Protein chains: 6
Amino acid sequence: MTLLTRINALLDATTTPLVASAHCDLPCGVYDPAQARIEAQSVKGCMEKYNASSDPDFKVRATIIKEERCELVKHHLWVLWTDYFKAPHFEKYPQLNSLFNEATKLAGAGGTKGSLDVAVADNLIARIDEIAEIFWETKKA
Amino acid sequence: MTLLTRINALLDATTTPLVASAHCDLPCGVYDPAQARIEAQSVKGCMEKYNASSDPDFKVRATIIKEERCELVKHHLWVLWTDYFKAPHFEKYPQLNSLFNEATKLAGAGGTKGSLDVAVADNLIARIDEIAEIFWETKKA
Amino acid sequence: MTLLTRINALLDATTTPLVASAHCDLPCGVYDPAQARIEAQSVKGCMEKYNASSDPDFKVRATIIKEERCELVKHHLWVLWTDYFKAPHFEKYPQLNSLFNEATKLAGAGGTKGSLDVAVADNLIARIDEIAEIFWETKKA
Amino acid sequence: MTLLTRINALLDATTTPLVASAHCDLPCGVYDPAQARIEAQSVKGCMEKYNASSDPDFKVRATIIKEERCELVKHHLWVLWTDYFKAPHFEKYPQLNSLFNEATKLAGAGGTKGSLDVAVADNLIARIDEIAEIFWETKKA
Amino acid sequence: MTLLTRINALLDATTTPLVASAHCDLPCGVYDPAQARIEAQSVKGCMEKYNASSDPDFKVRATIIKEERCELVKHHLWVLWTDYFKAPHFEKYPQLNSLFNEATKLAGAGGTKGSLDVAVADNLIARIDEIAEIFWETKKA
Amino acid sequence: MTLLTRINALLDATTTPLVASAHCDLPCGVYDPAQARIEAQSVKGCMEKYNASSDPDFKVRATIIKEERCELVKHHLWVLWTDYFKAPHFEKYPQLNSLFNEATKLAGAGGTKGSLDVAVADNLIARIDEIAEIFWETKKA
């Protein structure tokens with residue numbers, strides 16, 4: 001989601017019921033793709049700091065924390081896929097299932113868990129942004 | 001998965017590389033739908049004990065624990081969907097995405113989290129068994 | 001933080017290095033008060049749904065989940081207080097310590113954990129917004 | 001537990017009340033040593049992948065995940081020891097206490113946590129199988 | 001452990017290498033039965049507050065938290081049983097296995113998880129104190 | 001807190017209501033700085049064992065566990081700061097906020113998380129002891 005898109009989403013939010021986010025499975029009705037995006041940004045930050053360091057102990061710490069943050073990305077995306085998106089959404093956006101499956105794979109062993117290449121993290125963030133665009137469209141609908 | 005199916009799967013396993021299960025995102029290569037099923041059985045057990053009890057404190061405890069176990073069902077299924085199943089599986093089994101989406105929804109607020117009806121738990125278990133049948137077929141392939 | 005403030009913050013962000021957030025204690029350099037705010041919104045949502053329901057089992061679930069989400073609010077705020085804010089910030093904003101102490105208390109037993117009054121959640125959100133305003137000011141500095 | 005033993009246990013299960021497993025301390029009445037075994041298989045998988053790899057980052061990830069999975073083995077075994085087994089079982093199987101103590105030690109620092117030798121994981125799995133055999137005997141009784 | 005016993009233990013500690021505690025399975029060499037005792041005290045506090053309250057929402061919160069704290073008691077005791085105590089301890093204190101098994105059961109469904117009677121919590125604390133006495137004896141040995 | 005201080009605190013406790021500790025946010029009324037101290041001792045133990053070892057795999061394990069234990073130190077301190085200490089304490093002990101902020105920073109990336117120097121752990125323990133002295137004074141008041 002570009003900055004402009006996000007600002008638009010926020011402006012849209014002022015004329016529709018507040019849509020900040022929604023995420024627990026009461027459900028509380030508050031979901032926000034920002035949760036996954038913040039963790040993905042953190043994953044990228046861990047990679048950058050890992051690559052910039054020559055301290056083996058720091059690199060181990062970066063790897064531990066990257067692993068945790070990748071898991072959180074996956075969790076936040078899974079919650080959106082199962083708890084927020086409903087049958088009509090999947091009909092309107094037929095790519096949703098593969099988008100989520102690929103995004104969560106990108107946060108896993110074949111993606112940011114198993115890589116230290118920031119390009120992989122950028123791909124993950126781009127996928128989350130695609131999900132966020134659809135998410136905010138459905139909130140406006 | 002019927003008992004017969006499971007026995008067949010186990011017998012098949014004797015003539016193919018051991019396929020016990022696989023579940024962490026190293027990945028370690030060990031996945032097993034039994035993890036989700038055990039938790040779903042527990043969800044059902046919590047419902048049965050809730051319904052059989054007239055002690056309000058016990059009912060609160062049953063609700064707390066059921067909530068946790070439902071979350072574990074969702075987690076184990078999400079792991080299979082993202083980590084185990086690959087593109088060729090989704091091509092061969094086009095129902096996989098909706099099967100997992102519905103099964104995880106069945107373990108959530110609109111399913112066993114929000115219900116005390118054992119029929120809902122039985123539906124969840126049946127869906128897990130459908131997933132397990134596909135899973136074991138892919139392990140034999 | 002008002003919507004206008006947030007938009008301003010986002011616009012500011014386009015002319016300064018990207019400041020999305022930062023939150024793990026590598027540290028990855030990504031912090032965002034939105035994490036605490038999303039959980040606080042969820043706390044409010046749980047209260048609203050609790051108050052609108054007459055189903056005792058649902059009310060127990062709402063209480064369980066509200067408790068968890070309050071804990072997450074506290075955790076995200078503690079991380080900002082310890083990991084993000086440094087000595088110069090505390091000098092420039094002498095109210096920071098009590099602001100954080102009160103905000104985390106507001107998410108606890110004397111606040112949203114122990115209450116089902118949405119006004120308490122609104123107070124918590126307002127405190128988080130005060131913290132966010134300071135946070136984004138420091139990011140621009 | 002050999003494959004044959006497991007099949008027998010499953011067949012036995014068809015003529016007695018379903019005994020799939022039991023594990024939460026409501027208790028829900030569902031316990032299954034398979035939970036510990038799946039994690040132990042994962043521990044072994046982590047060791048194998050560690051030993052087969054020459055990528056130091058991958059080895060760190062394998063070590064992190066192995067540590068987690070060892071802890072899960074210990075947890076599942078502790079639950080069986082405290083929650084499932086009762087005084088009459090300890091009378092009938094006087095080796096139970098040391099069997100559990102040794103099995104949980106084998107999943108710890110002196111065992112699979114502190115080793116990358118698959119033979120240690122095999123010893124752990126063998127101990128879990130001994131426990132499983134006793135477990136299934138008690139379920140039939 | 002009586003206050004006097006604890007003071008004696010502390011005084012003993014001044015003439016032997018510091019033995020504060022030990023508890024992670026590196027192992028770091030720091031174990032302390034105080035961890036289990038603090039949680040058991042909390043369990044008792046939750047019961048007392050539950051019994052003194054007539055607010056149903058507070059009682060639900062007390063039940064949620066008591067459940068968590070009971071689980072922590074069990075965990076801390078399991079760690080001592082598996083990680084701290086070695087074969088020579090079990091030989092010297094043949095009651096250790098049943099003492100731990102009974103103490104962890106007392107923190108479970110048949111004990112403080114399933115009860116709101118402070119006498120049950122007092123029994124649990126007494127058992128932890130018996131374990132602590134043995135623990136501190138072994139530290140001096 | 002010196003050993004003598006602790007013994008005095010315990011002796012004081014015999015003539016005042018029992019003050020063992022208090023830590024959950026029911027609140028149960030049981031808080032004890034010993035929880036943070038035990039984890040800090042463990043952090044120091046992990047450092048010592050790391051420094052004494054030449055096994056790279058063991059060093060990774062020590063780093064993983066140290067990271068976890070540091071996080072627990074932070075958590076236990078945050079709980080005391082928010083849940084136990086009230087406005088009158090902050091008035092009487094104006095250094096409390098910075099003491100807690102520095103102590104939690106000392107358990108983080110700029111302290112024991114990011115260092116393997118036992119002197120850093122000793123500083124952390126000393127800060128916890130300062131907190132403990134104030135804590136026990138307030139309990140006597």
# chains A, B, ... in the order shown; residues from 1 in each chain; ligands from 1
call {"tool": "interface_residues", "arguments": {"of": "chain F", "to": "chain E", "cutoff": "6 Å", "atoms": "only C-alpha atoms", "output": "PDB file with all heavy atoms, in the first residue's frame"}}
result
ATOM      1  N   CYS F  28      -3.399 -10.198  42.604  1.00  0.00           N
ATOM      2  CA  CYS F  28      -3.499 -11.155  43.694  1.00  0.00           C
ATOM      3  C   CYS F  28      -2.868 -10.603  44.965  1.00  0.00           C
ATOM      4  O   CYS F  28      -3.072 -11.149  46.033  1.00  0.00           O
ATOM      5  CB  CYS F  28      -2.842 -12.466  43.303  1.00  0.00           C
ATOM      6  SG  CYS F  28      -1.060 -12.322  43.067  1.00  0.00           S
ATOM      7  N   VAL F  30       0.425 -10.377  45.524  1.00  0.00           N
ATOM      8  CA  VAL F  30       1.691 -11.066  45.817  1.00  0.00           C
ATOM      9  C   VAL F  30       2.757 -10.578  44.826  1.00  0.00           C
ATOM     10  O   VAL F  30       2.712 -10.917  43.643  1.00  0.00           O
ATOM     11  CB  VAL F  30       1.539 -12.592  45.664  1.00  0.00           C
ATOM     12  CG1 VAL F  30       2.866 -13.273  45.975  1.00  0.00           C
ATOM     13  CG2 VAL F  30       0.438 -13.126  46.559  1.00  0.00           C
ATOM     14  N   SER F  42      20.243 -15.996  36.426  1.00  0.00           N
ATOM     15  CA  SER F  42      20.312 -16.958  35.321  1.00  0.00           C
ATOM     16  C   SER F  42      21.035 -16.341  34.127  1.00  0.00           C
ATOM     17  O   SER F  42      21.838 -17.011  33.462  1.00  0.00           O
ATOM     18  CB  SER F  42      18.891 -17.373  34.936  1.00  0.00           C
ATOM     19  OG  SER F  42      18.912 -18.144  33.762  1.00  0.00           O
ATOM     20  N   GLY F  45      24.560 -16.573  34.843  1.00  0.00           N
ATOM     21  CA  GLY F  45      24.986 -17.967  34.679  1.00  0.00           C
ATOM     22  C   GLY F  45      25.192 -18.319  33.210  1.00  0.00           C
ATOM     23  O   GLY F  45      26.164 -19.004  32.850  1.00  0.00           O
ATOM     24  N   CYS F  46      24.274 -17.855  32.370  1.00  0.00           N
ATOM     25  CA  CYS F  46      24.408 -18.129  30.932  1.00  0.00           C
ATOM     26  C   CYS F  46      25.690 -17.497  30.387  1.00  0.00           C
ATOM     27  O   CYS F  46      26.393 -18.109  29.562  1.00  0.00           O
ATOM     28  CB  CYS F  46      23.206 -17.576  30.161  1.00  0.00           C
ATOM     29  SG  CYS F  46      21.677 -18.495  30.448  1.00  0.00           S
TER      30      CYS F  46
END
call {"tool": "residues_around", "arguments": {"residues": "F:Leu77", "least_positions_apart": "5", "cutoff": "12 Å", "atoms": "only C-alpha atoms", "output": "PyMOL selection string"}}
result
(chain C and resi 75+78+82) or (chain F and resi 23+31-40+70-72+82-85+96-97+99-107+124-125+127-129+131-132+135)
call {"tool": "write_last_selection", "arguments": {"atoms": "N, CA, C and O atoms", "output": "compact mmCIF listing (two decimals), in the first residue's frame"}}
result
# COMPACT_ATOMS: atom_id res chain seq x y z
N HIS C 75 2.34 -4.46 27.40
CA HIS C 75 3.62 -4.90 26.88
C HIS C 75 4.14 -3.93 25.81
O HIS C 75 5.30 -3.52 25.84
N TRP C 78 5.32 -0.76 27.47
CA TRP C 78 6.58 -0.97 28.22
C TRP C 78 7.78 -0.98 27.26
O TRP C 78 8.84 -0.42 27.58
N THR C 82 10.93 1.57 27.62
CA THR C 82 12.30 1.12 27.91
C THR C 82 13.20 1.14 26.68
O THR C 82 14.35 1.58 26.76
N HIS F 23 2.24 -10.40 42.15
CA HIS F 23 2.72 -10.19 40.81
C HIS F 23 1.71 -10.30 39.69
O HIS F 23 2.01 -9.92 38.57
N TYR F 31 3.67 -9.76 45.28
CA TYR F 31 4.78 -9.30 44.43
C TYR F 31 6.08 -9.67 45.11
O TYR F 31 6.14 -9.74 46.34
N ASP F 32 7.13 -9.88 44.34
CA ASP F 32 8.42 -10.19 44.93
C ASP F 32 9.53 -9.90 43.91
O ASP F 32 9.58 -10.54 42.86
N PRO F 33 10.41 -8.96 44.24
CA PRO F 33 11.53 -8.67 43.32
C PRO F 33 12.43 -9.88 43.10
O PRO F 33 13.25 -9.87 42.19
N ALA F 34 12.26 -10.92 43.93
CA ALA F 34 13.07 -12.13 43.74
C ALA F 34 12.85 -12.72 42.36
O ALA F 34 13.77 -13.35 41.80
N GLN F 35 11.66 -12.53 41.80
CA GLN F 35 11.41 -13.10 40.47
C GLN F 35 12.37 -12.51 39.44
O GLN F 35 12.96 -13.24 38.64
N ALA F 36 12.52 -11.18 39.45
CA ALA F 36 13.45 -10.55 38.51
C ALA F 36 14.89 -10.97 38.83
O ALA F 36 15.70 -11.20 37.93
N ARG F 37 15.19 -11.05 40.12
CA ARG F 37 16.57 -11.36 40.50
C ARG F 37 16.99 -12.77 40.08
O ARG F 37 18.12 -12.99 39.63
N ILE F 38 16.09 -13.73 40.25
CA ILE F 38 16.41 -15.10 39.85
C ILE F 38 16.72 -15.15 38.36
O ILE F 38 17.69 -15.79 37.93
N GLU F 39 15.91 -14.46 37.56
CA GLU F 39 16.19 -14.45 36.12
C GLU F 39 17.52 -13.75 35.81
O GLU F 39 18.26 -14.17 34.92
N ALA F 40 17.81 -12.68 36.55
CA ALA F 40 19.08 -11.98 36.32
C ALA F 40 20.27 -12.86 36.70
O ALA F 40 21.31 -12.84 36.05
N CYS F 70 16.66 -12.50 29.81
CA CYS F 70 16.70 -11.03 29.87
C CYS F 70 15.28 -10.48 29.71
O CYS F 70 14.88 -9.54 30.40
N GLU F 71 14.56 -11.06 28.77
CA GLU F 71 13.18 -10.60 28.54
C GLU F 71 12.33 -10.80 29.80
O GLU F 71 11.51 -9.95 30.15
N LEU F 72 12.55 -11.91 30.49
CA LEU F 72 11.80 -12.16 31.73
C LEU F 72 12.18 -11.15 32.81
O LEU F 72 11.33 -10.72 33.59
N THR F 82 4.63 -0.89 37.16
CA THR F 82 3.25 -0.47 36.85
C THR F 82 2.25 -0.95 37.89
O THR F 82 1.36 -0.19 38.28
N ASP F 83 2.37 -2.19 38.31
CA ASP F 83 1.30 -2.78 39.10
C ASP F 83 1.48 -2.59 40.60
O ASP F 83 0.50 -2.44 41.33
N TYR F 84 2.72 -2.66 41.06
CA TYR F 84 2.92 -2.56 42.51
C TYR F 84 3.06 -1.10 42.98
O TYR F 84 2.41 -0.69 43.94
N PHE F 85 3.92 -0.36 42.34
CA PHE F 85 4.22 0.99 42.85
C PHE F 85 3.11 1.99 42.50
O PHE F 85 2.65 2.05 41.35
N LEU F 96 12.60 6.46 41.49
CA LEU F 96 12.04 5.17 41.07
C LEU F 96 11.90 5.03 39.55
O LEU F 96 12.24 3.99 38.98
N ASN F 97 11.36 6.07 38.91
CA ASN F 97 11.15 5.96 37.47
C ASN F 97 12.46 5.72 36.72
O ASN F 97 12.54 4.81 35.88
N LEU F 99 15.23 4.64 37.96
CA LEU F 99 15.81 3.37 38.41
C LEU F 99 15.22 2.20 37.59
O LEU F 99 15.96 1.33 37.09
N PHE F 100 13.92 2.18 37.45
CA PHE F 100 13.28 1.12 36.66
C PHE F 100 13.63 1.23 35.18
O PHE F 100 13.88 0.23 34.51
N ASN F 101 13.64 2.46 34.67
CA ASN F 101 13.96 2.62 33.25
C ASN F 101 15.38 2.13 32.96
O ASN F 101 15.63 1.41 31.97
N GLU F 102 16.30 2.48 33.84
CA GLU F 102 17.69 2.05 33.64
C GLU F 102 17.87 0.55 33.86
O GLU F 102 18.63 -0.11 33.13
N ALA F 103 17.17 0.03 34.86
CA ALA F 103 17.30 -1.40 35.11
C ALA F 103 16.76 -2.21 33.93
O ALA F 103 17.39 -3.19 33.50
N THR F 104 15.61 -1.80 33.39
CA THR F 104 15.08 -2.55 32.25
C THR F 104 15.96 -2.35 31.01
O THR F 104 16.14 -3.29 30.23
N LYS F 105 16.52 -1.16 30.84
CA LYS F 105 17.48 -0.98 29.73
C LYS F 105 18.71 -1.87 29.94
O LYS F 105 19.24 -2.41 28.98
N LEU F 106 19.12 -2.02 31.19
CA LEU F 106 20.29 -2.87 31.48
C LEU F 106 20.02 -4.35 31.16
O LEU F 106 20.96 -5.13 31.01
N ALA F 107 18.75 -4.72 31.12
CA ALA F 107 18.42 -6.10 30.75
C ALA F 107 18.16 -6.23 29.25
O ALA F 107 17.78 -7.30 28.78
N LEU F 124 23.19 -5.11 36.54
CA LEU F 124 21.75 -5.35 36.49
C LEU F 124 21.26 -5.86 37.85
O LEU F 124 20.26 -5.38 38.39
N ILE F 125 21.97 -6.84 38.39
CA ILE F 125 21.58 -7.41 39.69
C ILE F 125 21.62 -6.32 40.76
O ILE F 125 20.73 -6.24 41.62
N ARG F 127 21.12 -3.16 40.39
CA ARG F 127 19.95 -2.29 40.24
C ARG F 127 18.69 -2.96 40.76
O ARG F 127 17.83 -2.33 41.39
N ILE F 128 18.55 -4.24 40.49
CA ILE F 128 17.39 -4.98 41.01
C ILE F 128 17.42 -4.95 42.53
O ILE F 128 16.39 -4.82 43.19
N ASP F 129 18.60 -5.06 43.10
CA ASP F 129 18.72 -5.02 44.56
C ASP F 129 18.33 -3.65 45.11
O ASP F 129 17.73 -3.56 46.20
N ILE F 131 16.12 -1.71 43.75
CA ILE F 131 14.65 -1.73 43.65
C ILE F 131 14.07 -2.55 44.79
O ILE F 131 13.09 -2.16 45.42
N ALA F 132 14.71 -3.68 45.07
CA ALA F 132 14.21 -4.56 46.12
C ALA F 132 14.25 -3.89 47.48
O ALA F 132 13.33 -4.05 48.29
N PHE F 135 11.39 -1.61 47.56
CA PHE F 135 10.19 -2.44 47.62
C PHE F 135 9.91 -2.91 49.05
O PHE F 135 8.81 -2.75 49.57
call {"tool": "atom_distance", "arguments": {"atom1": "atom CA of F:Lys74", "atom2": "atom CA of C:Lys139"}}
result
24.4 Å
call {"tool": "decode", "arguments": {"residues": "stretch 11-119 of chain D", "atoms": "C-alpha atoms", "output": "PDB file, in the first residue's frame"}}
result
ATOM      1  CA  LEU D  11      -7.841 -51.732  16.545  1.00  0.00           C
ATOM      2  CA  ASP D  12      -8.370 -52.168  20.271  1.00  0.00           C
ATOM      3  CA  ALA D  13      -9.757 -48.688  20.309  1.00  0.00           C
ATOM      4  CA  THR D  14     -12.558 -49.732  17.998  1.00  0.00           C
ATOM      5  CA  THR D  15     -14.014 -52.071  20.578  1.00  0.00           C
ATOM      6  CA  THR D  16     -13.557 -49.795  23.570  1.00  0.00           C
ATOM      7  CA  PRO D  17     -14.610 -46.163  24.020  1.00  0.00           C
ATOM      8  CA  LEU D  18     -12.557 -43.930  21.691  1.00  0.00           C
ATOM      9  CA  VAL D  19      -9.255 -43.162  23.336  1.00  0.00           C
ATOM     10  CA  ALA D  20      -7.620 -40.905  20.855  1.00  0.00           C
ATOM     11  CA  SER D  21      -5.784 -38.858  23.424  1.00  0.00           C
ATOM     12  CA  ALA D  22      -6.324 -36.447  26.351  1.00  0.00           C
ATOM     13  CA  HIS D  23      -4.143 -33.604  27.413  1.00  0.00           C
ATOM     14  CA  CYS D  24      -5.502 -30.448  28.885  1.00  0.00           C
ATOM     15  CA  ASP D  25      -5.970 -30.107  32.571  1.00  0.00           C
ATOM     16  CA  LEU D  26      -9.687 -29.307  32.587  1.00  0.00           C
ATOM     17  CA  PRO D  27      -9.179 -32.228  32.161  1.00  0.00           C
ATOM     18  CA  CYS D  28     -10.861 -32.807  28.809  1.00  0.00           C
ATOM     19  CA  GLY D  29     -10.030 -36.506  29.025  1.00  0.00           C
ATOM     20  CA  VAL D  30      -8.012 -36.580  25.790  1.00  0.00           C
ATOM     21  CA  TYR D  31      -4.373 -37.627  26.137  1.00  0.00           C
ATOM     22  CA  ASP D  32      -2.056 -39.028  23.499  1.00  0.00           C
ATOM     23  CA  PRO D  33       1.668 -39.795  23.707  1.00  0.00           C
ATOM     24  CA  ALA D  34       1.732 -39.010  19.976  1.00  0.00           C
ATOM     25  CA  GLN D  35       2.082 -35.346  20.908  1.00  0.00           C
ATOM     26  CA  ALA D  36       5.450 -35.937  22.558  1.00  0.00           C
ATOM     27  CA  ARG D  37       6.511 -38.315  19.798  1.00  0.00           C
ATOM     28  CA  ILE D  38       5.781 -35.888  16.975  1.00  0.00           C
ATOM     29  CA  GLU D  39       7.927 -33.262  18.672  1.00  0.00           C
ATOM     30  CA  ALA D  40      10.697 -35.800  19.264  1.00  0.00           C
ATOM     31  CA  GLN D  41      10.582 -36.737  15.565  1.00  0.00           C
ATOM     32  CA  SER D  42      10.930 -33.046  14.821  1.00  0.00           C
ATOM     33  CA  VAL D  43      13.956 -32.833  17.122  1.00  0.00           C
ATOM     34  CA  LYS D  44      15.531 -35.661  15.169  1.00  0.00           C
ATOM     35  CA  GLY D  45      14.674 -33.947  11.885  1.00  0.00           C
ATOM     36  CA  CYS D  46      16.336 -30.755  13.099  1.00  0.00           C
ATOM     37  CA  MET D  47      19.477 -32.696  13.964  1.00  0.00           C
ATOM     38  CA  GLU D  48      19.567 -34.396  10.564  1.00  0.00           C
ATOM     39  CA  LYS D  49      19.136 -31.115   8.725  1.00  0.00           C
ATOM     40  CA  TYR D  50      21.740 -29.455  10.932  1.00  0.00           C
ATOM     41  CA  ASN D  51      24.242 -32.217  10.237  1.00  0.00           C
ATOM     42  CA  ALA D  52      23.556 -32.133   6.506  1.00  0.00           C
ATOM     43  CA  SER D  53      24.026 -28.390   6.219  1.00  0.00           C
ATOM     44  CA  SER D  54      27.147 -26.274   5.925  1.00  0.00           C
ATOM     45  CA  ASP D  55      25.306 -22.957   6.217  1.00  0.00           C
ATOM     46  CA  PRO D  56      26.071 -21.436   9.637  1.00  0.00           C
ATOM     47  CA  ASP D  57      22.867 -19.359   9.669  1.00  0.00           C
ATOM     48  CA  PHE D  58      20.783 -22.419   8.943  1.00  0.00           C
ATOM     49  CA  LYS D  59      22.557 -24.224  11.761  1.00  0.00           C
ATOM     50  CA  VAL D  60      21.632 -21.448  14.154  1.00  0.00           C
ATOM     51  CA  ARG D  61      18.009 -21.708  13.056  1.00  0.00           C
ATOM     52  CA  ALA D  62      18.100 -25.484  13.489  1.00  0.00           C
ATOM     53  CA  THR D  63      19.480 -25.040  17.000  1.00  0.00           C
ATOM     54  CA  ILE D  64      16.798 -22.504  17.945  1.00  0.00           C
ATOM     55  CA  ILE D  65      13.995 -24.724  16.706  1.00  0.00           C
ATOM     56  CA  LYS D  66      15.447 -27.891  18.177  1.00  0.00           C
ATOM     57  CA  GLU D  67      15.574 -26.154  21.567  1.00  0.00           C
ATOM     58  CA  GLU D  68      11.874 -25.220  21.313  1.00  0.00           C
ATOM     59  CA  ARG D  69      10.820 -28.669  20.206  1.00  0.00           C
ATOM     60  CA  CYS D  70      12.798 -30.348  23.008  1.00  0.00           C
ATOM     61  CA  GLU D  71      10.937 -28.138  25.460  1.00  0.00           C
ATOM     62  CA  LEU D  72       7.624 -29.247  23.944  1.00  0.00           C
ATOM     63  CA  VAL D  73       8.635 -32.893  24.323  1.00  0.00           C
ATOM     64  CA  LYS D  74       9.305 -32.256  27.995  1.00  0.00           C
ATOM     65  CA  HIS D  75       6.011 -30.425  28.434  1.00  0.00           C
ATOM     66  CA  HIS D  76       3.898 -33.136  26.809  1.00  0.00           C
ATOM     67  CA  LEU D  77       5.602 -35.823  28.890  1.00  0.00           C
ATOM     68  CA  TRP D  78       5.189 -33.865  32.123  1.00  0.00           C
ATOM     69  CA  VAL D  79       1.460 -33.494  31.381  1.00  0.00           C
ATOM     70  CA  LEU D  80       1.092 -37.248  30.955  1.00  0.00           C
ATOM     71  CA  TRP D  81       3.066 -37.944  34.109  1.00  0.00           C
ATOM     72  CA  THR D  82       1.100 -35.563  36.329  1.00  0.00           C
ATOM     73  CA  ASP D  83      -2.314 -35.371  34.724  1.00  0.00           C
ATOM     74  CA  TYR D  84      -2.943 -38.761  33.169  1.00  0.00           C
ATOM     75  CA  PHE D  85      -1.203 -41.291  35.388  1.00  0.00           C
ATOM     76  CA  LYS D  86      -2.803 -42.004  38.758  1.00  0.00           C
ATOM     77  CA  ALA D  87      -1.749 -43.872  41.880  1.00  0.00           C
ATOM     78  CA  PRO D  88      -2.890 -47.322  40.630  1.00  0.00           C
ATOM     79  CA  HIS D  89      -0.782 -46.894  37.494  1.00  0.00           C
ATOM     80  CA  PHE D  90       2.305 -46.109  39.538  1.00  0.00           C
ATOM     81  CA  GLU D  91       1.665 -49.218  41.624  1.00  0.00           C
ATOM     82  CA  LYS D  92       1.263 -51.441  38.591  1.00  0.00           C
ATOM     83  CA  TYR D  93       4.189 -49.896  36.695  1.00  0.00           C
ATOM     84  CA  PRO D  94       6.817 -49.131  39.340  1.00  0.00           C
ATOM     85  CA  GLN D  95       9.252 -48.010  36.622  1.00  0.00           C
ATOM     86  CA  LEU D  96       6.960 -45.155  35.526  1.00  0.00           C
ATOM     87  CA  ASN D  97       8.551 -42.435  37.625  1.00  0.00           C
ATOM     88  CA  SER D  98      12.083 -43.122  36.516  1.00  0.00           C
ATOM     89  CA  LEU D  99      10.951 -43.717  32.952  1.00  0.00           C
ATOM     90  CA  PHE D 100       9.415 -40.239  32.817  1.00  0.00           C
ATOM     91  CA  ASN D 101      12.281 -38.627  34.676  1.00  0.00           C
ATOM     92  CA  GLU D 102      14.814 -40.158  32.306  1.00  0.00           C
ATOM     93  CA  ALA D 103      12.769 -39.399  29.201  1.00  0.00           C
ATOM     94  CA  THR D 104      12.370 -35.740  30.136  1.00  0.00           C
ATOM     95  CA  LYS D 105      16.094 -35.555  30.983  1.00  0.00           C
ATOM     96  CA  LEU D 106      16.789 -37.082  27.556  1.00  0.00           C
ATOM     97  CA  ALA D 107      14.920 -34.159  25.999  1.00  0.00           C
ATOM     98  CA  GLY D 108      16.969 -31.684  28.031  1.00  0.00           C
ATOM     99  CA  ALA D 109      20.463 -30.271  28.336  1.00  0.00           C
ATOM    100  CA  GLY D 110      22.032 -33.690  28.937  1.00  0.00           C
ATOM    101  CA  GLY D 111      20.061 -35.109  26.018  1.00  0.00           C
ATOM    102  CA  THR D 112      18.672 -33.734  22.772  1.00  0.00           C
ATOM    103  CA  LYS D 113      18.953 -30.079  23.780  1.00  0.00           C
ATOM    104  CA  GLY D 114      22.684 -30.425  24.282  1.00  0.00           C
ATOM    105  CA  SER D 115      23.424 -32.845  21.467  1.00  0.00           C
ATOM    106  CA  LEU D 116      23.250 -33.057  17.700  1.00  0.00           C
ATOM    107  CA  ASP D 117      23.644 -36.827  17.610  1.00  0.00           C
ATOM    108  CA  VAL D 118      20.574 -38.504  16.152  1.00  0.00           C
ATOM    109  CA  ALA D 119      21.256 -41.552  18.312  1.00  0.00           C
TER     110      ALA D 119
END
